[in-house]
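Take a look at the structure set out below.
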Amino acid sequence: MRPQDILTPQPAGLCCKPGGFHIDPVRAVERAVITHGHSDHARAGHGAVLATQETLDMMRLRYGENFARSTQAIAYGEELRLGEVTVKFHPAGHVLGSAQIAVSCGNTRVVASGDYKDAPDPTCTPFEVVPCDVFITEATFGLPVFRHGDAAEQVKKLLASVALFPERAHLVGAYSLGKAQRVIALLRAAGYDAPIYLHGAMEKITTYYQSRGIELGELRPVKGMKKADLAGTITLAPPSATSDVWTRRFPDPVTAFASGWMRVRARARQGGIELPLVISDHADWDGLTTTIRATGAGEIWVTHGQEDALVHWCKTQGLAARPLDLVGYGDEDSGADETAVAGEDA
Amino acid sequence: MNRFAELLDRLAYEPGRNNKLRLLTNYFRVVEDPDRGYALAAITGALSFKHAKPGLIRDLITERTDPTLFGLSYDYVGDLSETVALMWPKNSDRPLHNNPPPPTLTEVVTTLRTLGKTEMPKQLARWLDDLDETGRWALLKLVTGAMRIGISARLAKTAAAALGDKDAHEVELLWPGLTPPYLDLFAWLEGRGEKPVNLDPAPFRPVMLAHAIEDTDFANLNPADYIAEWKWDGIRVQAVSGRDAEGHIATRLYSRSGEDITKSFPDLLPSLHLQDSLNSKLMIPKSRFTLFGIKLRSRSTANYWWCARAACRVSMCCNNGSTAKWSRQN
């Protein structure tokens, strides 16, 4: 079977006709296979949902018990026959529970990687290269200017700022699913053992991470704290909250933002960020190109982000490549954080 | 270079004046001579390198990257130095353990000053290989002279002065007599040396600023102490002259910020017969340069006006010490 018959882009998302399912559909479908828990990939209202246990748990936390008619958990490395195809989940290293989905039919294997990163992350299983014929990749940071560097160095920068401004509060904008927990884990790895404060919208998901055995040290809700007591502390909040009136409860806050976009100065300045931290849960340019080569795929389909540059690069490497023009996916950092909009702690 | 790069990086994002001062003073405190002096020079605009131009940087990146990818990246980032700093390819020929340490700021500045035009591209490329993203960005900003980090020379001098709990005014008075890397200045600020003497026979003095008079202020002012005049539109200059050790007369024009702009007005100098200094406005009536107007300050208040009497009635500033004294109009 030709790859384009195994997986076909449709308005609802990537459709596997011979398997009778969609991958990360943006509209309600009968059967959905989900790569990870971010809201642009994991939506409510599908009939049956197949995903890792963590992804299902996160969807339940976000959408409530009845987010789908039925669910089925699948582990990394587990294989499942669906119609004429076989699906197998592999770690994507993006957030806790994130997976690449390998869809095989006969001798042809197509890997839909969802969002992924090949950089180390103490809060999730490391990315695994899956050899395939067609590799479907994101291109969120698909320009050679995006090189994220070492996240530990960025956390050192944050700690140096806390030391220099002990009378100010440090407010770190970080997406509440994945990024926030990774930043906390990195702070702990750097030896920071003071309590870390959390915006209300982060509490549920962070508690879930802890329940899955991720060590995050002492965490406290920032709600109810006196302004003066927050001097010299670090608080994590959804990005949208760091430019909100909510920040008035902090003494002269230093606004930081942990995101791959922080690599470009204009982006950071537009957002009024004083302390940009280049920490991303997506592969950077080197990560994308290295991974594409490592899969051995002869054909690359590019889903969302800077498709032009990545498709161009693939062609210069002698690889067939095309943009899939799927609509509805973004990068979680640039959109509003929907958990903050819910306003659990406005 | 890395610490200088970190400083520039932080300053570029910091909106608050006091926090900028903190960052700068902290840098001057922890970084040793002569690096910190060259940093002060770079931030105050006291350095320029004639052979390093944006065109050279563009050539360097064109040789190393795919033009389509560079075009897409430059479009996205919008700044040449930053685009080049971010997409500069990692030098894979060099084994990691054998990497030379990144160059110091002093090394960069002294090399850039002496390097010929033909050697420049190779040297720049070597440094770009050795530095990280922020280091490359800072290097390119330094080389092209377009810092754009929102720091005035005055603010940088204030931060340096704070190192020794001195007033920025004092540093300002010494400044024209100082040269990078300002070893004597830092020694004095840290209490390790004598206060530098401004040997310049015609030094700049911080200019006094005009303040608006509120209606309520008039109750405390005696009009007999003042004269008023039109405020002329033009370039604010300070004309100073004095005799050097050999008895030669030196005459200079300074901009409001203390920059020596004498060379910009060669035809004006011969007509300047000053004994001391003069704060004035430089204007062009009927296409002829004329010095016109002087600011006066009353002894009793800090307020002063522009005065527009004839040149013979101009009050002079006495060049007899570090503090400018103003005589009253009579």
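In the structure tokens, the first chain shown is A, the next is B, and so on; residue numbers restart at 1 for each chain, and ligands run from 1 in the order shown.
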
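All residues of protein, DNA or RNA that reach within 8 Å of segment 288-301 of chain A, judged by only C-alpha atoms and not counting those fewer than 3 positions away in the chain, are Asp118, Val129, Val130, Pro131, Cys132, Asp133, Val134, Phe135, Ile136, Thr137, Ala139, Gly142, Ala283, Asp284, Trp285, Val311, Cys314, Leu319, Ala320, Ala321, Arg322, Pro323 and Leu324 of chain A.
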
Using only C-alpha atoms, please write the residues we just selected to a file, as a PDB file, in the first residue's frame.
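Ended up saving to part19.pdb:
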ATOM      1  CA  ASP A 118      15.223  14.944  21.349  1.00  0.00           C
ATOM      2  CA  VAL A 129      14.081   7.173  16.847  1.00  0.00           C
ATOM      3  CA  VAL A 130      11.727   4.906  14.892  1.00  0.00           C
ATOM      4  CA  PRO A 131      13.036   3.808  11.484  1.00  0.00           C
ATOM      5  CA  CYS A 132      10.327   4.321   8.864  1.00  0.00           C
ATOM      6  CA  ASP A 133       9.539   4.994   5.227  1.00  0.00           C
ATOM      7  CA  VAL A 134       7.613   8.199   5.787  1.00  0.00           C
ATOM      8  CA  PHE A 135       8.258  10.437   8.769  1.00  0.00           C
ATOM      9  CA  ILE A 136       5.602  12.985   9.654  1.00  0.00           C
ATOM     10  CA  THR A 137       7.233  15.818  11.534  1.00  0.00           C
ATOM     11  CA  ALA A 139       8.157  22.212  12.234  1.00  0.00           C
ATOM     12  CA  GLY A 142      11.763  24.821  11.705  1.00  0.00           C
ATOM     13  CA  ALA A 283      12.811  19.868  18.739  1.00  0.00           C
ATOM     14  CA  ASP A 284      14.969  22.761  17.571  1.00  0.00           C
ATOM     15  CA  TRP A 285      16.390  23.036  14.038  1.00  0.00           C
ATOM     16  CA  VAL A 311      10.684  21.224   3.260  1.00  0.00           C
ATOM     17  CA  CYS A 314      14.752  18.114   3.043  1.00  0.00           C
ATOM     18  CA  LEU A 319      14.538  13.684   0.424  1.00  0.00           C
ATOM     19  CA  ALA A 320      11.034  13.925  -0.957  1.00  0.00           C
ATOM     20  CA  ALA A 321       9.136  16.360   1.224  1.00  0.00           C
ATOM     21  CA  ARG A 322       5.819  18.157   1.295  1.00  0.00           C
ATOM     22  CA  PRO A 323       3.788  20.269   3.683  1.00  0.00           C
ATOM     23  CA  LEU A 324       0.555  18.594   4.791  1.00  0.00           C
TER      24      LEU A 324
END

Find the nearest atom pair between each residue of chain B and chain A for residues within 10 Å, count only C-alpha atoms, give distances in Å to one decimal, sort rows by chain and ascending number, and present the table as CSV.
residue,atom,partner,partner_atom,distance
B:Glu6,CA,A:Lys157,CA,9.3
B:Asp9,CA,A:Leu275,CA,9.3
B:Arg10,CA,A:Leu275,CA,7.3
B:Leu11,CA,A:Glu274,CA,8.9
B:Ala12,CA,A:Glu274,CA,8.5
B:Tyr13,CA,A:Glu274,CA,4.8
B:Glu14,CA,A:Glu274,CA,5.4
B:Pro15,CA,A:Glu274,CA,7.5
B:Gly16,CA,A:Glu274,CA,9.8
B:Asn19,CA,A:Phe165,CA,8.8
B:Arg22,CA,A:Leu164,CA,8.4
B:Leu23,CA,A:Leu164,CA,8.2
B:Asn26,CA,A:Leu164,CA,8.5
B:Thr65,CA,A:Pro144,CA,9.4
B:Asp66,CA,A:Trp313,CA,8.8
B:Thr68,CA,A:Ala309,CA,7.8
B:Leu69,CA,A:Ala309,CA,6.1
B:Phe70,CA,A:Pro144,CA,8.0
B:Gly71,CA,A:Ala309,CA,9.7
B:Leu72,CA,A:Ala309,CA,7.0
B:Ser73,CA,A:Leu143,CA,6.2
B:Tyr74,CA,A:Val145,CA,8.8
B:Tyr76,CA,A:Leu143,CA,8.8
B:Val77,CA,A:Val264,CA,6.5
B:Gly78,CA,A:Ala266,CA,8.3
B:Asp79,CA,A:Ala266,CA,9.1
B:Glu82,CA,A:Val264,CA,8.0
B:Thr83,CA,A:Val145,CA,6.5
B:Val84,CA,A:Val145,CA,8.2
B:Ala85,CA,A:Val145,CA,8.2
B:Leu86,CA,A:Val145,CA,4.7
B:Met87,CA,A:Val145,CA,4.6
B:Trp88,CA,A:Val145,CA,8.3
B:Pro89,CA,A:Pro144,CA,8.9
B:Asp132,CA,A:Gly149,CA,9.3
B:Glu133,CA,A:Arg147,CA,8.8
B:Thr134,CA,A:Arg263,CA,9.7

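Residue nearest Leu7 of chain A within the list A:Gly20, A:Pro238, A:Gly213, A:Pro251: A:Gly20 [criterion: smallest interatomic distance, only C-alpha atoms].
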
Running DSSP on the backbone, which parts of segment 222-330 of chain A land in strand (DSSP E or B), as a compact mmCIF listing (two decimals) with C-alpha atoms, in the first residue's frame?
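Output contents, as saved in out25.txt:
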# COMPACT_ATOMS: atom_id res chain seq x y z
CA ILE A 234 9.91 31.83 42.23
CA THR A 235 6.33 31.40 41.03
CA LEU A 236 5.21 29.49 37.97
CA ALA A 237 2.18 30.71 36.10
CA VAL A 254 10.71 40.04 37.17
CA THR A 255 8.75 38.49 34.31
CA ALA A 256 10.36 35.43 32.80
CA PHE A 257 8.99 33.14 30.09
CA ALA A 258 10.19 29.62 29.38
CA LEU A 275 14.03 37.40 31.50
CA PRO A 276 13.58 35.13 28.48
CA LEU A 277 14.39 31.49 29.15
CA GLU A 299 9.87 10.93 2.39
CA ILE A 300 9.03 13.64 4.90
CA TRP A 301 5.63 15.16 5.53
CA VAL A 302 5.65 18.41 7.46
CA THR A 303 2.60 19.23 9.54
CA HIS A 304 2.72 22.56 11.35
CA GLY A 305 5.09 25.46 11.95
CA ALA A 320 11.03 13.92 -0.96
CA ALA A 321 9.14 16.36 1.22
CA ARG A 322 5.82 18.16 1.29
CA PRO A 323 3.79 20.27 3.68

Tell me, as an MDAnalysis selection string, which residues lie within 12 Å of segment 109-123 of chain B, counting only C-alpha atoms; anything in the same chain fewer than 2 positions away does not count.
chainID B and resid 1 34:39 41:42 46:61 63 103:107 125:130 139:140 142:144 180:181

How would the residues just picked look written out with C-alpha atoms as a short mmCIF file (atom, residue, chain, number, x, y, z; two decimals), in the first residue's frame?
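Output below, filename again24.cif:
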data_model
loop_
_atom_site.label_atom_id
_atom_site.label_comp_id
_atom_site.auth_asym_id
_atom_site.auth_seq_id
_atom_site.Cartn_x
_atom_site.Cartn_y
_atom_site.Cartn_z
CA MET B 1 33.26 38.28 26.20
CA PRO B 34 40.61 45.89 31.76
CA ASP B 35 37.48 44.03 30.57
CA ARG B 36 35.07 46.20 32.52
CA GLY B 37 36.69 49.36 31.20
CA TYR B 38 36.23 48.25 27.60
CA ALA B 39 32.64 47.36 28.43
CA ALA B 41 33.70 52.25 26.60
CA ALA B 42 31.48 50.10 24.38
CA ALA B 46 33.67 55.42 22.96
CA LEU B 47 34.75 52.62 20.62
CA SER B 48 34.54 52.36 16.89
CA PHE B 49 36.19 50.01 14.46
CA LYS B 50 36.61 51.21 10.94
CA HIS B 51 36.99 47.91 9.10
CA ALA B 52 34.02 46.03 10.50
CA LYS B 53 30.86 46.75 8.56
CA PRO B 54 27.50 45.02 8.13
CA GLY B 55 28.42 44.05 4.55
CA LEU B 56 31.31 41.97 5.84
CA ILE B 57 29.00 40.10 8.20
CA ARG B 58 26.56 39.40 5.42
CA ASP B 59 29.39 37.99 3.30
CA LEU B 60 30.49 35.72 6.11
CA ILE B 61 27.04 34.17 6.59
CA GLU B 63 29.53 31.69 2.53
CA PRO B 103 37.96 35.49 23.57
CA THR B 104 37.84 38.10 26.33
CA LEU B 105 36.35 41.49 25.62
CA THR B 106 39.82 43.02 25.93
CA GLU B 107 41.18 40.59 23.35
CA ALA B 125 34.80 34.02 11.76
CA ARG B 126 37.16 32.46 14.30
CA TRP B 127 35.52 34.34 17.14
CA LEU B 128 32.04 33.50 15.92
CA ASP B 129 33.09 29.84 15.94
CA ASP B 130 34.27 30.08 19.54
CA LEU B 139 30.25 40.58 19.29
CA LEU B 140 28.32 41.62 16.19
CA LEU B 142 30.03 45.62 19.28
CA VAL B 143 31.63 45.37 15.88
CA THR B 144 28.90 47.19 14.00
CA PRO B 180 39.51 53.24 27.73
CA PRO B 181 39.97 50.99 29.63
#

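If you look at atom CA of Thr251 of chain B and atom CA of Arg236 of chain B, they are 16.5 Å away from each other.
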
Quick check for you: according to DSSP on this backbone, which residues of segment 245-321 of chain A are classed as alpha helix (DSSP H)? Reply as a count of residues only.
27

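Going from atom CA of Phe127 of chain A over to atom CA of Ala174 of chain A, you cover 21.3 Å.
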
Hey, what's within 10 Å of Thr35 of chain A if we count only C-alpha atoms and toss same-chain stuff fewer than 6 positions away? As a VMD selection string, please?
chain A and resid 23 to 24 41 to 42 50 to 52 55 89 to 92 94 97 to 101 112 to 116

Excluding same-chain residues fewer than 5 positions from Leu56 of chain A, what lies within 10 Å of it counting only C-alpha atoms, as a PyMOL selection string?
chain A and resi 34+36-37+42+49-51+61-62+67-68+71-74+97
